[in-house]
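Q: Handing over upload.txt, compact mmCIF, C-alpha atoms.
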# COMPACT_ATOMS: atom_id res chain seq x y z
CA MET X 1 22.05 12.97 16.86
CA SER X 2 18.71 14.49 17.68
CA GLU X 3 15.50 14.18 15.75
CA HIS X 4 14.68 17.01 13.36
CA PRO X 5 12.20 19.38 15.08
CA ALA X 6 9.67 19.02 12.23
CA GLN X 7 9.73 15.21 12.18
CA ARG X 8 7.33 14.67 15.05
CA ARG X 9 4.73 17.03 13.57
CA THR X 10 5.16 15.42 10.15
CA LEU X 11 4.46 11.97 11.55
CA ALA X 12 1.45 13.22 13.53
CA VAL X 13 -0.14 14.75 10.43
CA LEU X 14 0.58 11.68 8.32
CA VAL X 15 -0.93 9.46 11.02
CA ALA X 16 -4.15 11.49 11.05
CA ALA X 17 -4.45 11.39 7.26
CA GLN X 18 -3.70 7.68 7.08
CA ILE X 19 -6.53 6.85 9.49
CA PHE X 20 -8.97 8.29 6.97
CA SER X 21 -7.23 6.85 3.92
CA GLY X 22 -7.22 3.37 5.48
CA ALA X 23 -11.01 3.42 5.59
CA GLY X 24 -11.13 4.58 1.99
CA LEU X 25 -8.75 1.88 0.86
CA ALA X 26 -10.27 -1.09 2.66
CA ALA X 27 -13.98 -0.41 2.21
CA GLY X 28 -13.74 -0.41 -1.57
CA ILE X 29 -11.46 -3.45 -1.74
CA THR X 30 -13.87 -5.51 0.36
CA VAL X 31 -16.79 -5.28 -2.08
CA GLY X 32 -15.06 -4.49 -5.36
CA ALA X 33 -14.95 -8.10 -6.55
CA LEU X 34 -18.56 -8.71 -5.46
CA LEU X 35 -19.78 -5.60 -7.28
CA ALA X 36 -17.97 -6.63 -10.46
CA GLN X 37 -19.36 -10.15 -10.25
CA ASP X 38 -22.88 -8.74 -10.03
CA MET X 39 -22.42 -6.30 -12.91
CA LEU X 40 -20.42 -8.64 -15.17
CA GLY X 41 -22.22 -11.86 -14.28
CA SER X 42 -18.96 -13.83 -14.25
CA THR X 43 -16.78 -15.24 -11.49
CA GLY X 44 -13.84 -15.55 -13.87
CA LEU X 45 -13.77 -11.76 -14.20
CA ALA X 46 -14.31 -11.05 -10.50
CA GLY X 47 -10.63 -10.19 -10.15
CA LEU X 48 -11.04 -7.39 -12.68
CA PRO X 49 -11.70 -4.59 -10.12
CA ALA X 50 -8.45 -5.28 -8.29
CA ALA X 51 -6.65 -5.31 -11.62
CA MET X 52 -8.30 -2.06 -12.73
CA PHE X 53 -7.60 -0.04 -9.61
CA THR X 54 -4.07 -1.35 -9.41
CA VAL X 55 -3.50 -0.27 -13.01
CA GLY X 56 -4.74 3.14 -11.88
CA SER X 57 -2.46 2.86 -8.89
CA ALA X 58 0.53 2.33 -11.20
CA ALA X 59 -0.26 5.48 -13.16
CA ALA X 60 -0.94 7.44 -9.98
CA ALA X 61 2.33 6.27 -8.39
CA VAL X 62 4.24 7.95 -11.21
CA GLY X 63 2.13 11.10 -10.97
CA VAL X 64 2.26 11.41 -7.20
CA GLY X 65 6.01 10.74 -7.22
CA ARG X 66 6.75 13.36 -9.86
CA ILE X 67 4.45 15.99 -8.33
CA SER X 68 6.00 15.34 -4.93
CA GLN X 69 9.49 15.67 -6.40
CA ARG X 70 8.70 19.06 -7.90
CA ALA X 71 6.16 20.56 -5.48
CA GLY X 72 6.55 18.54 -2.27
CA ARG X 73 4.74 15.70 -0.53
CA ARG X 74 1.84 17.95 0.50
CA ALA X 75 0.81 18.68 -3.08
CA GLY X 76 1.42 15.17 -4.38
CA LEU X 77 -0.43 13.33 -1.61
CA THR X 78 -3.36 15.77 -1.52
CA LEU X 79 -3.96 15.52 -5.26
CA GLY X 80 -3.65 11.74 -5.12
CA TYR X 81 -6.32 11.38 -2.44
CA LEU X 82 -8.72 13.75 -4.21
CA THR X 83 -8.31 11.70 -7.37
CA GLY X 84 -9.10 8.53 -5.42
CA ALA X 85 -12.24 10.18 -4.05
CA LEU X 86 -13.35 11.07 -7.58
CA GLY X 87 -12.96 7.43 -8.58
CA SER X 88 -14.96 6.26 -5.55
CA PHE X 89 -17.92 8.45 -6.43
CA GLY X 90 -17.59 7.36 -10.06
CA VAL X 91 -18.01 3.71 -9.01
CA VAL X 92 -21.21 4.67 -7.20
CA ALA X 93 -22.51 6.39 -10.33
CA ALA X 94 -21.60 3.35 -12.42
CA ALA X 95 -23.48 1.03 -10.08
CA MET X 96 -26.53 3.30 -10.17
CA THR X 97 -26.59 3.48 -13.97
CA GLY X 98 -25.36 -0.02 -14.71
CA SER X 99 -22.61 1.43 -16.90
CA LEU X 100 -19.68 -0.96 -17.32
CA PRO X 101 -17.47 1.59 -19.14
CA LEU X 102 -17.95 4.06 -16.30
CA LEU X 103 -17.22 1.30 -13.78
CA PHE X 104 -13.92 0.44 -15.46
CA VAL X 105 -12.79 4.05 -15.76
CA SER X 106 -13.82 4.82 -12.19
CA LEU X 107 -11.98 1.80 -10.80
CA ILE X 108 -8.81 2.97 -12.51
CA VAL X 109 -9.22 6.46 -11.03
CA TYR X 110 -10.04 4.93 -7.63
CA GLY X 111 -6.61 3.30 -7.72
CA ALA X 112 -5.03 6.70 -7.10
CA GLY X 113 -6.09 6.42 -3.47
CA THR X 114 -4.23 3.12 -3.09
CA ALA X 115 -1.06 4.55 -4.64
CA THR X 116 -1.22 7.67 -2.47
CA SER X 117 -1.75 5.68 0.71
CA LEU X 118 1.43 3.74 -0.05
CA GLN X 119 3.42 6.82 -1.12
CA ALA X 120 2.69 8.42 2.24
CA ARG X 121 5.04 5.95 3.92
CA TYR X 122 8.00 7.54 2.16
CA ALA X 123 7.07 10.96 3.53
CA GLY X 124 7.57 9.64 7.04
CA ALA X 125 11.23 8.90 6.24
CA ASP X 126 12.19 12.22 4.60
CA LEU X 127 13.41 13.81 7.84
CA ALA X 128 14.15 10.63 9.82
CA GLN X 129 17.53 9.64 11.15
CA PRO X 130 19.05 6.80 9.09
CA ALA X 131 18.98 4.40 12.03
CA HIS X 132 15.28 5.09 12.61
CA ARG X 133 13.96 5.18 9.05
CA ALA X 134 12.16 1.86 9.23
CA ARG X 135 10.35 2.90 12.40
CA ALA X 136 9.30 6.20 10.79
CA ILE X 137 7.97 4.32 7.78
CA SER X 138 6.15 1.83 9.98
CA THR X 139 4.57 4.58 12.08
CA VAL X 140 2.81 5.88 8.99
CA LEU X 141 1.76 2.38 7.98
CA VAL X 142 0.37 1.43 11.38
CA ALA X 143 -1.86 4.49 11.39
CA THR X 144 -3.69 3.01 8.42
CA THR X 145 -4.79 0.14 10.66
CA VAL X 146 -7.56 2.09 12.38
CA GLY X 147 -9.40 3.07 9.23
CA ALA X 148 -8.51 -0.11 7.38
CA VAL X 149 -10.00 -2.33 10.09
CA VAL X 150 -13.07 -0.17 10.63
CA GLY X 151 -13.75 0.22 6.90
CA PRO X 152 -14.52 -3.43 6.01
CA ASN X 153 -16.69 -3.81 9.11
CA LEU X 154 -18.81 -0.91 7.90
CA THR X 155 -19.67 -2.70 4.65
CA THR X 156 -22.96 -4.07 5.94
CA PRO X 157 -24.16 -0.76 7.52
CA MET X 158 -23.07 1.18 4.44
CA SER X 159 -24.78 -1.33 2.17
CA ASN X 160 -27.99 -0.97 4.18
CA MET X 161 -27.73 2.81 4.02
CA ALA X 162 -27.22 2.60 0.27
CA VAL X 163 -30.43 0.64 -0.10
CA GLY X 164 -32.19 3.30 1.95
CA TRP X 165 -30.84 5.96 -0.40
CA GLY X 166 -32.15 4.04 -3.38
CA ILE X 167 -28.76 3.02 -4.78
CA PRO X 168 -27.25 -0.49 -5.18
CA ALA X 169 -26.21 -2.01 -1.85
CA LEU X 170 -22.65 -2.82 -2.88
CA SER X 171 -21.99 0.79 -3.87
CA GLY X 172 -22.45 1.97 -0.28
CA PRO X 173 -18.86 1.20 0.81
CA PHE X 174 -17.56 3.30 -2.09
CA VAL X 175 -19.45 6.30 -0.68
CA LEU X 176 -17.45 5.78 2.51
CA SER X 177 -14.24 5.53 0.46
CA GLY X 178 -14.88 8.82 -1.30
CA VAL X 179 -15.63 10.74 1.89
CA ALA X 180 -12.62 9.21 3.68
CA TYR X 181 -10.23 10.17 0.87
CA VAL X 182 -11.53 13.74 0.83
CA LEU X 183 -10.93 14.03 4.58
CA ALA X 184 -7.39 12.64 4.22
CA ALA X 185 -6.67 15.22 1.51
CA LEU X 186 -7.94 18.06 3.68
CA VAL X 187 -5.78 17.02 6.63
CA LEU X 188 -2.66 16.95 4.49
CA TRP X 189 -3.32 20.18 2.61
CA VAL X 190 -4.06 22.18 5.73
CA MET X 191 -1.60 20.67 8.21
CA LEU X 192 1.45 19.20 6.43
CA ARG X 193 3.59 22.29 6.95
CA PRO X 194 6.53 22.45 6.61
CA ASP X 195 6.59 19.99 3.74
CA PRO X 196 9.07 17.23 4.74
CA LEU X 197 10.56 16.66 1.28
CA VAL X 198 10.85 20.37 0.46
CA LEU X 199 12.55 20.91 3.81
CA ALA X 200 14.86 17.95 3.26
CA ARG X 201 15.96 19.36 -0.10
CA ALA X 202 16.39 22.87 1.28
CA ILE X 203 18.78 21.85 4.02
CA ALA X 204 20.56 18.94 2.34
CA GLU X 205 24.35 19.15 2.18
CA PRO X 206 25.83 19.95 -0.21
CA PRO X 207 23.04 22.17 -1.64
CA SER X 208 24.06 21.26 -5.21
CA GLU X 209 22.88 17.73 -4.53
CA VAL X 210 19.25 18.73 -4.93
CA VAL X 211 19.28 20.91 -8.04
CA VAL X 212 19.00 18.10 -10.59
CA THR X 213 15.54 16.55 -10.30
CA ASP X 214 15.38 14.77 -13.67
CA ALA X 215 18.60 12.78 -13.46
CA PRO X 216 18.18 9.10 -14.37
CA THR X 217 17.71 6.67 -11.51
CA ARG X 218 20.67 4.40 -10.81
CA TRP X 219 19.18 1.00 -10.16
CA SER X 220 21.66 -0.26 -7.60
CA ALA X 221 21.45 -3.72 -6.03
CA PRO X 222 19.57 -2.46 -2.92
CA ILE X 223 16.96 -0.74 -5.09
CA VAL X 224 16.48 -3.84 -7.26
CA ALA X 225 16.29 -6.11 -4.20
CA GLY X 226 13.86 -3.85 -2.35
CA THR X 227 11.66 -3.56 -5.41
CA THR X 228 11.66 -7.34 -5.92
CA VAL X 229 10.66 -7.98 -2.32
CA MET X 230 7.74 -5.57 -2.53
CA VAL X 231 6.62 -6.74 -5.98
CA VAL X 232 6.50 -10.39 -4.95
CA THR X 233 4.69 -9.72 -1.68
CA GLN X 234 2.15 -7.50 -3.48
CA LEU X 235 1.52 -10.10 -6.19
CA VAL X 236 0.87 -12.92 -3.72
CA MET X 237 -1.19 -10.78 -1.37
CA ALA X 238 -3.41 -9.29 -4.11
CA ALA X 239 -4.12 -12.64 -5.76
CA VAL X 240 -5.21 -14.48 -2.63
CA MET X 241 -6.99 -11.52 -1.02
CA THR X 242 -9.01 -10.68 -4.14
CA MET X 243 -10.60 -14.10 -4.47
CA THR X 244 -11.24 -14.80 -0.79
CA PRO X 245 -14.61 -12.93 -0.65
CA ILE X 246 -15.73 -14.75 -3.83
CA HIS X 247 -14.60 -18.08 -2.39
CA MET X 248 -16.57 -17.36 0.79
CA GLN X 249 -19.69 -16.26 -1.09
CA HIS X 250 -19.68 -19.49 -3.10
CA HIS X 251 -19.77 -21.42 0.18
CA GLY X 252 -22.69 -19.58 1.70
CA HIS X 253 -21.00 -16.74 3.61
CA GLY X 254 -22.48 -13.24 3.47
CA VAL X 255 -20.89 -9.83 2.96
CA GLY X 256 -20.52 -9.35 6.72
CA ALA X 257 -18.44 -12.51 7.09
CA ALA X 258 -16.27 -11.53 4.16
CA GLY X 259 -15.86 -8.08 5.67
CA PHE X 260 -14.67 -9.61 8.94
CA VAL X 261 -12.05 -11.77 7.19
CA ILE X 262 -10.82 -8.82 5.14
CA ALA X 263 -10.69 -6.71 8.32
CA VAL X 264 -8.43 -9.33 9.93
CA HIS X 265 -6.33 -9.37 6.78
CA VAL X 266 -5.96 -5.59 6.68
CA ALA X 267 -5.12 -5.55 10.40
CA GLY X 268 -2.34 -8.00 9.58
CA MET X 269 -1.19 -5.70 6.78
CA TYR X 270 -0.77 -2.66 9.00
CA LEU X 271 -0.99 -3.42 12.72
CA PRO X 272 2.43 -5.16 13.02
CA SER X 273 4.16 -2.18 11.38
CA LEU X 274 5.83 -0.81 14.51
CA LEU X 275 7.34 -4.21 15.29
CA SER X 276 8.38 -4.64 11.67
CA GLY X 277 10.12 -1.27 11.75
CA MET X 278 11.93 -2.12 14.96
CA PHE X 279 13.06 -5.47 13.52
CA VAL X 280 14.34 -3.85 10.32
CA ASP X 281 16.27 -1.17 12.22
CA ARG X 282 17.68 -3.82 14.57
CA PHE X 283 18.40 -6.79 12.28
CA GLY X 284 18.45 -5.27 8.81
CA PRO X 285 15.92 -5.37 5.96
CA GLY X 286 17.33 -8.55 4.38
CA LEU X 287 16.53 -10.80 7.34
CA VAL X 288 13.04 -9.34 7.70
CA ALA X 289 12.41 -9.87 3.97
CA VAL X 290 13.25 -13.56 4.40
CA ALA X 291 10.76 -13.67 7.28
CA ALA X 292 8.20 -12.13 4.93
CA ALA X 293 8.73 -14.94 2.44
CA GLY X 294 8.28 -17.57 5.13
CA THR X 295 5.11 -15.93 6.44
CA LEU X 296 3.59 -15.72 2.94
CA VAL X 297 4.32 -19.40 2.39
CA ALA X 298 2.56 -20.23 5.65
CA ALA X 299 -0.38 -18.04 4.65
CA GLY X 300 -0.75 -19.72 1.27
CA VAL X 301 -0.70 -23.20 2.77
CA ALA X 302 -3.15 -22.18 5.51
CA ALA X 303 -5.57 -20.67 2.97
CA ALA X 304 -5.39 -23.74 0.76
CA LEU X 305 -6.09 -26.12 3.65
CA ALA X 306 -8.71 -23.98 5.44
CA PRO X 307 -12.21 -25.52 5.39
CA ALA X 308 -14.38 -23.38 3.13
CA THR X 309 -17.08 -23.31 5.81
CA SER X 310 -14.75 -21.95 8.52
CA VAL X 311 -14.64 -18.18 8.76
CA GLY X 312 -12.08 -18.46 11.56
CA ALA X 313 -9.63 -20.57 9.55
CA LEU X 314 -9.86 -18.24 6.58
CA ALA X 315 -9.37 -15.25 8.88
CA VAL X 316 -6.16 -16.80 10.28
CA ALA X 317 -4.86 -17.47 6.78
CA LEU X 318 -5.66 -13.95 5.57
CA GLY X 319 -4.18 -12.49 8.75
CA LEU X 320 -0.90 -14.28 8.02
CA LEU X 321 -1.10 -13.05 4.43
CA GLY X 322 -1.33 -9.49 5.72
CA VAL X 323 1.60 -9.94 8.12
CA GLY X 324 3.78 -11.31 5.32
CA TRP X 325 2.90 -8.35 3.14
CA ASN X 326 3.72 -5.95 5.98
CA LEU X 327 7.13 -7.47 6.65
CA GLY X 328 7.99 -7.33 2.96
CA LEU X 329 6.75 -3.77 2.51
CA VAL X 330 8.64 -2.33 5.49
CA ALA X 331 11.84 -4.20 4.60
CA GLY X 332 11.65 -3.30 0.91
CA THR X 333 10.72 0.32 1.54
CA THR X 334 13.68 0.73 3.90
CA MET X 335 16.02 -0.68 1.24
CA ILE X 336 14.70 1.91 -1.23
CA ALA X 337 14.81 4.81 1.27
CA ASP X 338 18.41 3.97 2.20
CA ALA X 339 19.54 3.85 -1.42
CA THR X 340 17.88 6.96 -2.92
CA PRO X 341 19.40 10.47 -2.67
CA VAL X 342 17.13 13.41 -1.90
CA ALA X 343 17.72 14.85 -5.39
CA THR X 344 15.68 12.10 -7.06
CA ARG X 345 14.03 10.48 -4.05
CA ALA X 346 10.30 10.95 -4.67
CA ARG X 347 10.52 10.24 -8.40
CA THR X 348 12.47 7.03 -7.84
CA GLN X 349 10.08 5.91 -5.12
CA GLY X 350 7.13 6.58 -7.42
CA THR X 351 8.74 4.48 -10.15
CA VAL X 352 9.31 1.63 -7.71
CA ASP X 353 5.67 1.74 -6.68
CA VAL X 354 4.64 1.36 -10.33
CA GLY X 355 6.13 -2.12 -10.21
CA ILE X 356 4.23 -2.84 -7.01
CA ALA X 357 0.97 -1.68 -8.58
CA ILE X 358 1.51 -3.73 -11.73
CA ALA X 359 2.15 -6.79 -9.58
CA GLY X 360 -1.11 -6.12 -7.76
CA ALA X 361 -2.93 -5.77 -11.08
CA GLY X 362 -1.50 -9.03 -12.35
CA GLY X 363 -2.38 -10.81 -9.14
CA GLY X 364 -5.91 -9.44 -9.07
CA LEU X 365 -6.66 -10.13 -12.72
CA GLY X 366 -5.00 -13.54 -12.84
CA SER X 367 -6.57 -14.73 -9.60
CA GLY X 368 -10.05 -15.07 -11.08
CA VAL X 369 -8.76 -17.05 -14.04
CA ILE X 370 -6.70 -19.36 -11.81
CA VAL X 371 -9.61 -20.00 -9.44
CA ALA X 372 -11.93 -20.72 -12.37
CA ALA X 373 -9.41 -23.28 -13.65
CA ALA X 374 -7.92 -24.73 -10.46
CA ASP X 375 -10.15 -23.55 -7.56
CA TYR X 376 -9.14 -21.41 -4.58
CA PRO X 377 -6.71 -23.89 -2.93
CA GLY X 378 -4.74 -24.09 -6.17
CA LEU X 379 -4.39 -20.31 -6.18
CA ALA X 380 -3.24 -20.29 -2.55
CA PHE X 381 -0.60 -22.99 -3.13
CA LEU X 382 0.68 -21.15 -6.20
CA GLY X 383 1.02 -17.96 -4.15
CA ALA X 384 3.07 -19.83 -1.55
CA GLY X 385 5.45 -21.01 -4.26
CA ILE X 386 5.87 -17.56 -5.77
CA ALA X 387 6.72 -16.09 -2.34
CA LEU X 388 9.89 -18.17 -2.29
CA LEU X 389 11.32 -16.05 -5.13
CA ILE X 390 12.23 -13.45 -2.52
CA VAL X 391 15.10 -15.61 -1.23
CA PRO X 392 17.19 -15.85 -4.45
CA ALA X 393 16.61 -12.14 -5.11
CA LEU X 394 18.11 -11.29 -1.74
CA ALA X 395 20.97 -13.73 -2.25
CA TRP X 396 21.84 -11.93 -5.48
CA ALA X 397 21.70 -8.52 -3.80
CA THR X 398 24.01 -9.54 -0.97
CA ARG X 399 26.73 -10.34 -3.50
CA ARG X 400 26.65 -6.71 -4.64
CA PRO X 401 28.02 -3.69 -2.70
CA HIS X 402 25.38 -2.45 -0.28
CA ILE X 403 26.22 0.81 1.42
CA ARG X 404 23.54 1.95 3.81
CA ASP X 405 23.05 5.71 3.90
CA GLU X 406 24.64 6.78 7.15
CA SER X 407 24.80 10.49 6.39
CA PRO X 408 23.41 12.77 9.11
CA PRO X 409 19.65 13.28 8.90
CA VAL X 410 18.93 16.52 7.13
CA GLY X 411 18.91 19.63 9.27
CA VAL X 412 20.25 17.85 12.36
CA ASP X 413 23.52 18.72 13.99
CA SER X 414 25.53 15.84 15.32
Show me, as structure tokens, the structure contained in the file I just sent.

A:
Amino acid sequence: MSEHPAQRRTLAVLVAAQIFSGAGLAAGITVGALLAQDMLGSTGLAGLPAAMFTVGSAAAAVGVGRISQRAGRRAGLTLGYLTGALGSFGVVAAAMTGSLPLLFVSLIVYGAGTATSLQARYAGADLAQPAHRARAISTVLVATTVGAVVGPNLTTPMSNMAVGWGIPALSGPFVLSGVAYVLAALVLWVMLRPDPLVLARAIAEPPSEVVVTDAPTRWSAPIVAGTTVMVVTQLVMAAVMTMTPIHMQHHGHGVGAAGFVIAVHVAGMYLPSLLSGMFVDRFGPGLVAVAAAGTLVAAGVAAALAPATSVGALAVALGLLGVGWNLGLVAGTTMIADATPVATRARTQGTVDVGIAIAGAGGGLGSGVIVAAADYPGLAFLGAGIALLIVPALAWATRRPHIRDESPPVGVDS
């Protein structure tokens, strides 16, 4: 079987857009907790920003999925990134005016960028051959690395520029987020032609398969298992990541040091993607999901035992946390992509990502409370324990029929 002629162009456009969106995603995450701590005056509520924009991410995942199902990936992803940009600029306005209501609303809207960045990975698989789906998904994810690593390291320059503009220093990275999301939207709107999902529906066989777009989703064992893997990895990752900058600040580290650790973390989240995709295609998503659980356990233990004064030790722990998340995301996404027909694909994927976003919200919001009660090492050890839930979920799924989609890739002659 040969690759669909449009697949290479689709991946190239998605890669370009993800470079911008990675910067938008990571810059805001780096300082969100610090900005909230300043405006709220409470460490216990420092996890609120992550919770707010992941709540927004949950709502946006549904919206982007449904718009993509009806109008194509181009429309859904473009609108999602523009919404994320609006939220970014709203956070800046909230910081300038000291308005907590505006901050909360804007953080929710900002979450649309996070949801859209994740939804883009599905677009890479729409025209992929079944045996290469994981690698197509991982290609989109790895592109996020460039912007996601650069973004946190621009926190100090952007904060300094913000002061020069007469606005709060911690709002500077959100200016970068807004501009980056706008650029990602422009790339997709102008260049994502033909639309991969629209093309996949148009040439699917039999054609009647794609006419019903509102049919209920059948939650088969692979879909449940893939969702569980991604939900658990997101919960653990969000909880530990959210409180790491606060933990560092309390031990004398500045924004630049926190930005470096988050940059290492985000590199771990996206840089291994190509290897993760190769491993999933070669060994299957189940084995890679187990590896994700083991890596998250190692990350939690490393974070708990890392000396609070050591930036390097925290960077290693957060790097492992990112790698565990990456392995889980690629494995879980492949399970979902294999199990969803083109007729309901985008809508089902959007619904799955709602669970991921809710897990992130719970992890972000609960992390501040847990740290206030049990300190950062307690949070990290708890995350390591939760990661082990992946194993029984996979054991349950393997006892159910699991038929991988081996139908010919759409539009490709064997």

Q: Residues at most 7 Å from Gly111 of chain X, counting all atoms listed in the file, excluding those fewer than 3 positions away in the same chain, as a PyMOL selection string?

A: chain X and resi 53-54+56-57+84+107-108+114-115

Q: Can you work out the spacing between atom CA of Leu327 of chain X and atom CA of Pro130 of chain X in Å, to one decimal?

A: 18.8 Å

Q: What gap, in Å, lies between atom CA of Gly364 of chain X and atom CA of Met269 of chain X?

A: 17.0 Å

Q: Go ahead and compute the interatomic distance for atom CA of Ala308 of chain X and atom CA of Ala36 of chain X, in Å to one decimal.

A: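 The value is 21.9 Å.
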
Q: So, counting all atoms listed in the file, which residue among X:Asn326, X:Val290, X:Pro194, X:Ser367 is closest to Pro49 of chain X?

A: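 Answer, going by the shortest atom-to-atom distance: X:Ser367.
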
Q: Of the candidates X:Tyr81, X:Arg135, X:Gly319, X:Ala221, which one gets nearest to Leu186 of chain X if we count only C-alpha atoms?

A: X:Tyr81

Q: For segment 294-331 of chain X versus segment 271-282 of chain X, which residues have an atom no more than 12 Å away, and what is each residue's nearest atom pair and distance in Å rounded to one decimal, using only C-alpha atoms, chain-then-number order, as a Markdown table?

A:
| residue | atom | partner | partner_atom | distance |
| --- | --- | --- | --- | --- |
| X:Gly319 | CA | X:Leu271 | CA | 10.4 |
| X:Leu320 | CA | X:Pro272 | CA | 10.9 |
| X:Gly322 | CA | X:Leu271 | CA | 9.3 |
| X:Val323 | CA | X:Pro272 | CA | 6.9 |
| X:Gly324 | CA | X:Pro272 | CA | 9.9 |
| X:Trp325 | CA | X:Ser273 | CA | 10.4 |
| X:Asn326 | CA | X:Ser273 | CA | 6.6 |
| X:Leu327 | CA | X:Ser276 | CA | 5.9 |
| X:Gly328 | CA | X:Ser276 | CA | 9.1 |
| X:Leu329 | CA | X:Ser276 | CA | 9.3 |
| X:Val330 | CA | X:Gly277 | CA | 6.5 |
| X:Ala331 | CA | X:Val280 | CA | 6.3 |

Q: Next, the residues of the selection above should be written as a PDB file, keeping the file's coordinate frame with C-alpha atoms.

A:
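So the final result, stored in again.pdb, reads:
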ATOM      1  CA  GLY X 319      -4.180 -12.490   8.750  1.00  0.00           C
ATOM      2  CA  LEU X 320      -0.900 -14.280   8.020  1.00  0.00           C
ATOM      3  CA  GLY X 322      -1.330  -9.490   5.720  1.00  0.00           C
ATOM      4  CA  VAL X 323       1.600  -9.940   8.120  1.00  0.00           C
ATOM      5  CA  GLY X 324       3.780 -11.310   5.320  1.00  0.00           C
ATOM      6  CA  TRP X 325       2.900  -8.350   3.140  1.00  0.00           C
ATOM      7  CA  ASN X 326       3.720  -5.950   5.980  1.00  0.00           C
ATOM      8  CA  LEU X 327       7.130  -7.470   6.650  1.00  0.00           C
ATOM      9  CA  GLY X 328       7.990  -7.330   2.960  1.00  0.00           C
ATOM     10  CA  LEU X 329       6.750  -3.770   2.510  1.00  0.00           C
ATOM     11  CA  VAL X 330       8.640  -2.330   5.490  1.00  0.00           C
ATOM     12  CA  ALA X 331      11.840  -4.200   4.600  1.00  0.00           C
TER      13      ALA X 331
END

Q: Find, counting all atoms listed in the file, the residue in X:Thr333, X:Gln18, X:Thr116, X:Ser106 that gets nearest to Ala289 of chain X.

A: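 Ranked by minimum distance to Ala289 of chain X, first place goes to X:Thr333.
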